[in-house]
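**Q** Once you've had a glance at the structure underneath, I'll fire off some questions.
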Amino acid sequence: MTSTGHLEAPDGVVGESPAGSITYLEAIRTALQDAMREDDRVFLLGEDIGAFGGAFGVTAGLFDEFGESRVIDTPIAEEGFVGAAIGAAWMGERPVVELQFADFITCAFDPIVTVAAKTHWRSGQEIPITIRCPTGGGVRGGPFHAGSPEGWFVGTAGLKVVCPGTVEDAYGLLRAAIDDPDPVLYFEHKRLYRTLRAEAPPTGHRTAIGPAAVARAGTDATVVTYGSGVALALAAADEVDADIEVVDLRTVWPLDEETILASVEKTSRVLVLQEAARSTGAAGLILSLVARRSFEHLDAPPALHAPPDTPVPFAPELEDAYMPSVDSTVAALDGLLAY
Amino acid sequence: MRTEPCAETPSIGSEERLSLFRLVLLQRLFEDRVLALYRQGRIPGSVYTGRGQEAVAAGAGLALGPDDVVAPLNRELACHFARGVTPADVFRNFFGKGTSPTLGRDGNMHFGAPAQGIFPLVSMLGDLVPVITGAALAFKRRGERRVAMTFLGEGAFTVGDTHEGLNLAAVWQVPAVFVIQSNRYSYSTPVARQMVNTNIAQRVYGGWSIPAERVDGTDALAVLDTVRAAVERARNGNGPQAVEALSVRMHGHAGHDDARYMPSGMREEFAERYDPIDRLAARLRLDGFGSDAIDGMREAAAAEVAAGLAEAEQAPAPDPATAERGVYAAPPFG
């Protein structure tokens, strides 16, 4: 832990930083800062995000630069301040909400699903809000601080759900989300905050909301994944004795069906990898798509590698067994390739 | 017992009295008509009315300026009319027409009018309290002298969103006005079974230090006077304000509900003395308007409703092929 008092992801060992490189967390902070410098309509709402800089330090320094009218500390009232962000967006502002943990999105479910998601369809009124959700496990957070709740919103008409798995997309998807006229849920992975480091994307870079990326091209099998799964899949691909393609969804809702189908058509084998419990997340949607549209291209049943259907457990032994790892992903790929 | 005229309220001049009368008449006559259509089986879904509460809708609606914004609920039809929504617009929504404010995607009073500064109603009570607070936050951030208003009833006052929203409005000191419709029932449940202290104005002030006044919600002049004062206090930088308007819901919750759970005679006794339309008509008579003038306004409002209905009946039905349009303002895949 550092002396700032902010929560640190364990195992957050960041190596020597090459010049010009930034962490995933710094990419998020820079995206906020750049958006706020460019557009007065952008302001931040959330718990402890002001002088303190947020539970994870993502907004550190922004209060000093932009002041209390643009970096607003809220009472503990997710339902209230997400609703307020909707009202401000209605009036043409570009609010960016920080939920302290993605798990707390349950408290804001109603304004997100009832109000934000349906307003444009039933009135033509745009609701340009971005909700940042620090998500995911591997941080010893337990059942209320380590969940991956994106699946509750996958399939909800009117919402867009993005899950960056790289430094470049952490910046680019957040800039695109703030630009976007629709409500966007931005799931930023806590374990990647300080473990993922890469060259800083150019100022103003956007990652389009919607299109998936082929993170690694291959011919023998496809891994479809997102968020924390991207680095796992790339590491696992290096270890198996086959040529693996990795599709990084980036946006999990709405789904880029064509990129998934094109990859499966090429490789004829597909593994869906996600950190969300196996019956949630985006897996059901992806597997249904492949079953309906790729059936004749498949050489093996579509495979799923995801945690069991339990809340995220706390004890290191339990959480380590729960979370997908490089080794477990290699094993899943070996099974798929051996079929 | 006889109808009690609206209290003399010197701040409200003749022109505004007539505007209020037109609005309460329009709501009453529209709702009578739409309820009749519902009973004929011509309205899909439900019908919600605000009978007995028209003065609140009209007075609060007229208290707003043209650049202010508002989120009315089911009982505030006259507030829509005060903002320039027409009877034809609302009939189209009740019918589910393709050119309704929601393009047939939602019905009855569930619509907004973004161009007129009206946020679309959602059914989940209390949700719009934080939304209105956020709109007011935008005004405060930009230094605009605008006000955001919403309505809520006793039912919404028991929901968590309402309390979070009121707290945010108070902490941020934003120009929001909350008009509380205390009509004694939430669906079938009397207020005494929903809260212990039923003096909501007292609770709003005691809980959040939001100035809150109680007003007779059947007196359109008193409502306009009281809500306008609240709106102007908010506009002038005095933070959020609340008005609790007391009335009785004279219909059931919705068209299907005959309100048999209300004590026998309660609505009849209320109607005899406190019907908001009769009260304003009685005041206009005291002001010197003759029966011809008052009947003439009633006929004009009836004609406006009839013309709106005729127009709405001609509107096209929605085309199912268009239903997936507009889910997103920017569809990711076109």
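Chain identifiers are assigned as A, B, and so on, following the order in which chains appear in the structure tokens; residues are numbered from 1 within each chain, and ligands are numbered from 1 in order of appearance.
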For chain B against chain A, with a cut-off of 6 Å and counting only C-alpha atoms, what is the closest atom pair and its distance in Å to one decimal for every residue that makes the cut, ordered by chain and number, as JSON lines?
**A**
{"residue": "B:Thr102", "atom": "CA", "partner": "A:Arg122", "partner_atom": "CA", "distance": 4.8}
{"residue": "B:Pro130", "atom": "CA", "partner": "A:Ala84", "partner_atom": "CA", "distance": 4.8}
{"residue": "B:Val131", "atom": "CA", "partner": "A:Gly87", "partner_atom": "CA", "distance": 4.1}
{"residue": "B:Ile132", "atom": "CA", "partner": "A:Gly87", "partner_atom": "CA", "distance": 5.7}
{"residue": "B:Thr133", "atom": "CA", "partner": "A:Ala84", "partner_atom": "CA", "distance": 5.7}
{"residue": "B:Gly134", "atom": "CA", "partner": "A:Ala84", "partner_atom": "CA", "distance": 3.6}
{"residue": "B:Ala135", "atom": "CA", "partner": "A:Gly87", "partner_atom": "CA", "distance": 4.3}
{"residue": "B:Ala138", "atom": "CA", "partner": "A:Ala88", "partner_atom": "CA", "distance": 5.2}
{"residue": "B:Asp161", "atom": "CA", "partner": "A:Gly80", "partner_atom": "CA", "distance": 6.0}
{"residue": "B:Glu164", "atom": "CA", "partner": "A:Gly80", "partner_atom": "CA", "distance": 5.0}
{"residue": "B:Gly165", "atom": "CA", "partner": "A:Gly80", "partner_atom": "CA", "distance": 5.2}
{"residue": "B:Gly326", "atom": "CA", "partner": "A:Trp121", "partner_atom": "CA", "distance": 4.9}
{"residue": "B:Val327", "atom": "CA", "partner": "A:Trp121", "partner_atom": "CA", "distance": 4.7}
{"residue": "B:Tyr328", "atom": "CA", "partner": "A:Gly158", "partner_atom": "CA", "distance": 5.5}
{"residue": "B:Pro332", "atom": "CA", "partner": "A:Gly210", "partner_atom": "CA", "distance": 5.1}
**Q** Applying 7 Å and only C-alpha atoms, which residues near stretch 147-150 of chain A remain after dropping the ones on its own chain fewer than 5 positions away? List them as a PyMOL selection string.
**A** chain A and resi 102-103+135-137+275-276+281+312
**Q** Taking the DSSP secondary structure from the backbone, can you list the residues of stretch 141-237 of chain A that are helix (DSSP H, G or I), as a ChimeraX atom specification?
**A** /A:142-144,149-152,167-179,190-192,229-237
**Q** Output as a list in words all residues of stretch 78-121 of chain A that backbone DSSP marks as strand (DSSP E or B).
**A**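 So the strand (DSSP E or B) residues in stretch 78-121 of chain A would be Arg94, Pro95, Val96, Val97 and Glu98 of chain A.
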**Q** Could the residues in this selection be written to a file with N, CA and C atoms, as a short mmCIF file (atom, residue, chain, number, x, y, z; two decimals), in the first residue's frame?
**A**
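Wrote it out as again-v3.cif, contents follow:
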data_model
loop_
_atom_site.label_atom_id
_atom_site.label_comp_id
_atom_site.auth_asym_id
_atom_site.auth_seq_id
_atom_site.Cartn_x
_atom_site.Cartn_y
_atom_site.Cartn_z
N ARG A 94 -22.66 16.60 -19.60
CA ARG A 94 -22.06 15.29 -19.88
C ARG A 94 -21.51 14.70 -18.59
N PRO A 95 -22.38 14.33 -17.67
CA PRO A 95 -21.89 13.84 -16.38
C PRO A 95 -21.22 12.48 -16.48
N VAL A 96 -20.18 12.31 -15.70
CA VAL A 96 -19.50 11.02 -15.57
C VAL A 96 -19.59 10.63 -14.10
N VAL A 97 -20.28 9.52 -13.84
CA VAL A 97 -20.48 9.05 -12.47
C VAL A 97 -19.42 8.01 -12.14
N GLU A 98 -18.83 8.10 -10.95
CA GLU A 98 -18.00 7.00 -10.46
C GLU A 98 -18.77 6.26 -9.38
#
**Q** From the options A:Leu99, A:Val240, A:Ala338, A:Ile131, which residue's atoms come nearest to A:Asp73, counting only C-alpha atoms?
**A**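 Closest residue, counting only C-alpha atoms: A:Leu99.
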**Q** Could you check which of A:Val326, A:Leu192, A:Leu185, A:Leu173 is closest to A:Ala212, using only C-alpha atoms?
**A**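 Residue with the minimum atom-to-atom distance to A:Ala212: A:Leu173.
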**Q** Considering only C-alpha atoms, state which residue in the set B:Glu16, B:Glu154, B:Asp32, B:Glu4 is at the smallest distance from B:His251.
**A**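 Residue with the minimum atom-to-atom distance to B:His251: B:Asp32.
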**Q** Need to verify the contact set: A:Ala237, 12 Å, only C-alpha atoms, exclusion of same-chain residues closer than 3 positions in sequence. Can you return it as number ranges by chain?
**A** A: 215-223, 229-234, 240-247, 271, 326-334
**Q** Kindly export the residues of the current selection with N, CA and C atoms, as a CSV table (one decimal), in the first residue's frame.
**A**
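Written output follows (again.csv):
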chain,number,residue,atom,x,y,z
A,215,ALA,N,-7.4,-9.2,-31.1
A,215,ALA,CA,-6.2,-8.8,-30.4
A,215,ALA,C,-5.0,-9.7,-30.8
A,216,ARG,N,-5.3,-10.9,-31.3
A,216,ARG,CA,-4.3,-11.7,-31.8
A,216,ARG,C,-4.9,-12.6,-32.9
A,217,ALA,N,-4.3,-12.7,-34.1
A,217,ALA,CA,-4.8,-13.4,-35.2
A,217,ALA,C,-4.3,-14.9,-35.1
A,218,GLY,N,-5.2,-15.8,-35.4
A,218,GLY,CA,-4.8,-17.2,-35.3
A,218,GLY,C,-5.8,-18.1,-36.2
A,219,THR,N,-5.5,-19.4,-36.3
A,219,THR,CA,-6.3,-20.2,-37.2
A,219,THR,C,-6.9,-21.4,-36.6
A,220,ASP,N,-6.4,-21.8,-35.4
A,220,ASP,CA,-6.8,-23.1,-34.8
A,220,ASP,C,-8.0,-23.0,-33.9
A,221,ALA,N,-8.1,-22.0,-33.2
A,221,ALA,CA,-9.2,-21.8,-32.2
A,221,ALA,C,-9.4,-20.3,-31.9
A,222,THR,N,-10.6,-19.9,-31.5
A,222,THR,CA,-10.9,-18.6,-31.2
A,222,THR,C,-11.2,-18.5,-29.7
A,223,VAL,N,-10.6,-17.5,-29.0
A,223,VAL,CA,-11.1,-17.2,-27.7
A,223,VAL,C,-11.8,-15.8,-27.8
A,229,GLY,N,-10.2,-10.8,-19.1
A,229,GLY,CA,-10.0,-12.0,-19.9
A,229,GLY,C,-9.0,-11.8,-21.0
A,230,VAL,N,-8.8,-10.5,-21.5
A,230,VAL,CA,-8.0,-10.3,-22.7
A,230,VAL,C,-6.5,-10.6,-22.4
A,231,ALA,N,-6.0,-10.1,-21.3
A,231,ALA,CA,-4.6,-10.4,-21.0
A,231,ALA,C,-4.4,-11.9,-20.7
A,232,LEU,N,-5.4,-12.5,-20.0
A,232,LEU,CA,-5.3,-14.0,-19.8
A,232,LEU,C,-5.3,-14.8,-21.1
A,233,ALA,N,-6.1,-14.4,-22.0
A,233,ALA,CA,-6.2,-15.2,-23.2
A,233,ALA,C,-4.9,-15.0,-24.0
A,234,LEU,N,-4.4,-13.8,-24.0
A,234,LEU,CA,-3.2,-13.6,-24.8
A,234,LEU,C,-2.0,-14.4,-24.2
A,240,VAL,N,-0.1,-22.5,-25.4
A,240,VAL,CA,-0.6,-23.7,-26.0
A,240,VAL,C,0.1,-24.0,-27.4
A,241,ASP,N,0.0,-25.2,-27.8
A,241,ASP,CA,0.7,-25.6,-29.0
A,241,ASP,C,-0.3,-25.5,-30.2
A,242,ALA,N,-0.7,-24.3,-30.4
A,242,ALA,CA,-1.7,-24.1,-31.5
A,242,ALA,C,-1.7,-22.6,-31.8
A,243,ASP,N,-2.3,-22.3,-32.9
A,243,ASP,CA,-2.4,-20.9,-33.4
A,243,ASP,C,-3.8,-20.3,-33.0
A,244,ILE,N,-3.7,-19.5,-31.9
A,244,ILE,CA,-5.0,-19.1,-31.3
A,244,ILE,C,-5.3,-17.7,-31.7
A,245,GLU,N,-6.6,-17.5,-32.0
A,245,GLU,CA,-7.1,-16.1,-32.3
A,245,GLU,C,-7.8,-15.6,-31.0
A,246,VAL,N,-7.6,-14.4,-30.7
A,246,VAL,CA,-8.2,-13.8,-29.5
A,246,VAL,C,-9.1,-12.6,-30.0
A,247,VAL,N,-10.4,-12.7,-29.7
A,247,VAL,CA,-11.3,-11.6,-30.0
A,247,VAL,C,-11.6,-10.9,-28.7
A,271,LEU,N,-13.8,-20.8,-27.7
A,271,LEU,CA,-13.8,-20.8,-26.2
A,271,LEU,C,-14.3,-19.4,-25.8
A,326,VAL,N,-4.2,-18.0,-16.1
A,326,VAL,CA,-3.6,-18.5,-17.4
A,326,VAL,C,-3.6,-20.0,-17.5
A,327,ASP,N,-3.2,-20.6,-16.3
A,327,ASP,CA,-3.2,-22.1,-16.4
A,327,ASP,C,-4.5,-22.7,-16.7
A,328,SER,N,-5.6,-22.2,-16.0
A,328,SER,CA,-6.9,-22.8,-16.2
A,328,SER,C,-7.4,-22.5,-17.7
A,329,THR,N,-7.0,-21.4,-18.2
A,329,THR,CA,-7.4,-21.0,-19.6
A,329,THR,C,-6.6,-21.9,-20.6
A,330,VAL,N,-5.4,-22.2,-20.3
A,330,VAL,CA,-4.6,-23.2,-21.1
A,330,VAL,C,-5.3,-24.5,-21.1
A,331,ALA,N,-5.7,-24.9,-19.9
A,331,ALA,CA,-6.4,-26.3,-19.8
A,331,ALA,C,-7.7,-26.3,-20.6
A,332,ALA,N,-8.4,-25.2,-20.5
A,332,ALA,CA,-9.7,-25.1,-21.3
A,332,ALA,C,-9.4,-25.1,-22.8
A,333,LEU,N,-8.4,-24.4,-23.2
A,333,LEU,CA,-8.0,-24.5,-24.6
A,333,LEU,C,-7.5,-25.8,-25.1
A,334,ASP,N,-6.7,-26.5,-24.2
A,334,ASP,CA,-6.3,-27.9,-24.6
A,334,ASP,C,-7.5,-28.8,-24.8
**Q** Measure the distance from atom CA of B:Pro44 to atom CA of B:Met262 in Å and round it to one decimal.
**A**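 Computing the Euclidean distance for atom CA of B:Pro44 and atom CA of B:Met262 yields 26.4 Å.
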**Q** If you count only C-alpha atoms, which residues fall within 7 Å of B:Val70, apart from same-chain ones fewer than 3 positions away, as an MDAnalysis selection string?
**A** chainID B and resid 117:119 148:150
**Q** Just N, CA and C atoms for this one: save the residues we selected as a short mmCIF file (atom, residue, chain, number, x, y, z; two decimals), in the first residue's frame.
**A**
data_model
loop_
_atom_site.label_atom_id
_atom_site.label_comp_id
_atom_site.auth_asym_id
_atom_site.auth_seq_id
_atom_site.Cartn_x
_atom_site.Cartn_y
_atom_site.Cartn_z
N GLY B 117 -39.90 21.16 -22.41
CA GLY B 117 -39.27 21.07 -21.10
C GLY B 117 -39.96 20.10 -20.16
N ILE B 118 -40.54 19.05 -20.71
CA ILE B 118 -41.26 18.07 -19.89
C ILE B 118 -40.56 16.72 -19.97
N PHE B 119 -40.08 16.24 -18.83
CA PHE B 119 -39.43 14.93 -18.80
C PHE B 119 -40.50 13.85 -18.78
N ALA B 148 -36.33 23.69 -11.93
CA ALA B 148 -36.84 22.36 -12.29
C ALA B 148 -37.84 21.92 -11.23
N MET B 149 -38.95 21.33 -11.69
CA MET B 149 -40.04 20.95 -10.76
C MET B 149 -40.46 19.52 -11.02
N THR B 150 -40.85 18.83 -9.96
CA THR B 150 -41.59 17.59 -10.15
C THR B 150 -42.68 17.49 -9.10
#
**Q** Calculate how many Å separate atom CA of B:Ile200 from atom CA of B:Ser182, rounding to one decimal.
**A**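 Between atom CA of B:Ile200 and atom CA of B:Ser182 the gap works out to 8.3 Å.
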**Q** Go through B:Val243, B:Leu221, B:Ala230, B:Val174 one by one, measure the shortest atom-to-atom distance of each to B:Leu18 using only C-alpha atoms, and give the residue with the smallest value.
**A**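 Checking each candidate against B:Leu18, we get B:Leu221 as the closest.
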**Q** If I take atom CA of B:Arg285 and atom CA of B:Arg249, how far is one from the other in Å, to one decimal?
**A**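 It comes out at 25.6 Å.
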**Q** Would you list the contacts of B:Asp275 as a PyMOL selection string, taking every protein, DNA or RNA residue within 12 Å and counting only C-alpha atoms, but skipping same-chain residues closer than 3 positions in sequence?
**A** chain B and resi 2-6+24-25+28+50-55+216-220+247-250+267-272+278-282
**Q** Which of these, B:Phe95, B:Ala307, B:Val56, B:Pro66, has the shortest distance to B:Gly41 once you count only C-alpha atoms?
**A**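 Between B:Phe95, B:Ala307, B:Val56, B:Pro66, the residue approaching B:Gly41 most closely is B:Phe95.
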**Q** Nearest residue to B:Met124 out of A:Val270, A:Val252, A:Ala282, A:Val113, using only C-alpha atoms?
**A**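 Among the listed residues, the smallest separation from B:Met124 belongs to A:Val113.
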**Q** When you look at stretch 191-197 of chain B with a cut-off of 8 Å (counting only C-alpha atoms), what residues show up, excluding the ones that are within fewer than 4 positions of it in the same chain? I need them as a tab-separated table (two decimals) with C-alpha atoms, in the first residue's frame.
**A**
chain	number	residue	atom	x	y	z
B	154	GLU	CA	-47.75	10.12	-0.51
B	155	GLY	CA	-46.84	6.91	-2.32
B	158	THR	CA	-42.31	6.42	1.03
B	184	ARG	CA	-54.92	10.66	1.04
B	185	TYR	CA	-54.48	7.42	-0.91
B	186	SER	CA	-51.81	5.50	-2.75
B	203	ARG	CA	-41.02	16.30	7.43
**Q** Which neighbours of A:Arg250 fall inside 6 Å, counting only C-alpha atoms, when residues of the same chain fewer than 3 positions from it are skipped, and could you give them as a VMD selection string?
**A** chain A and resid 162 to 164 212 226
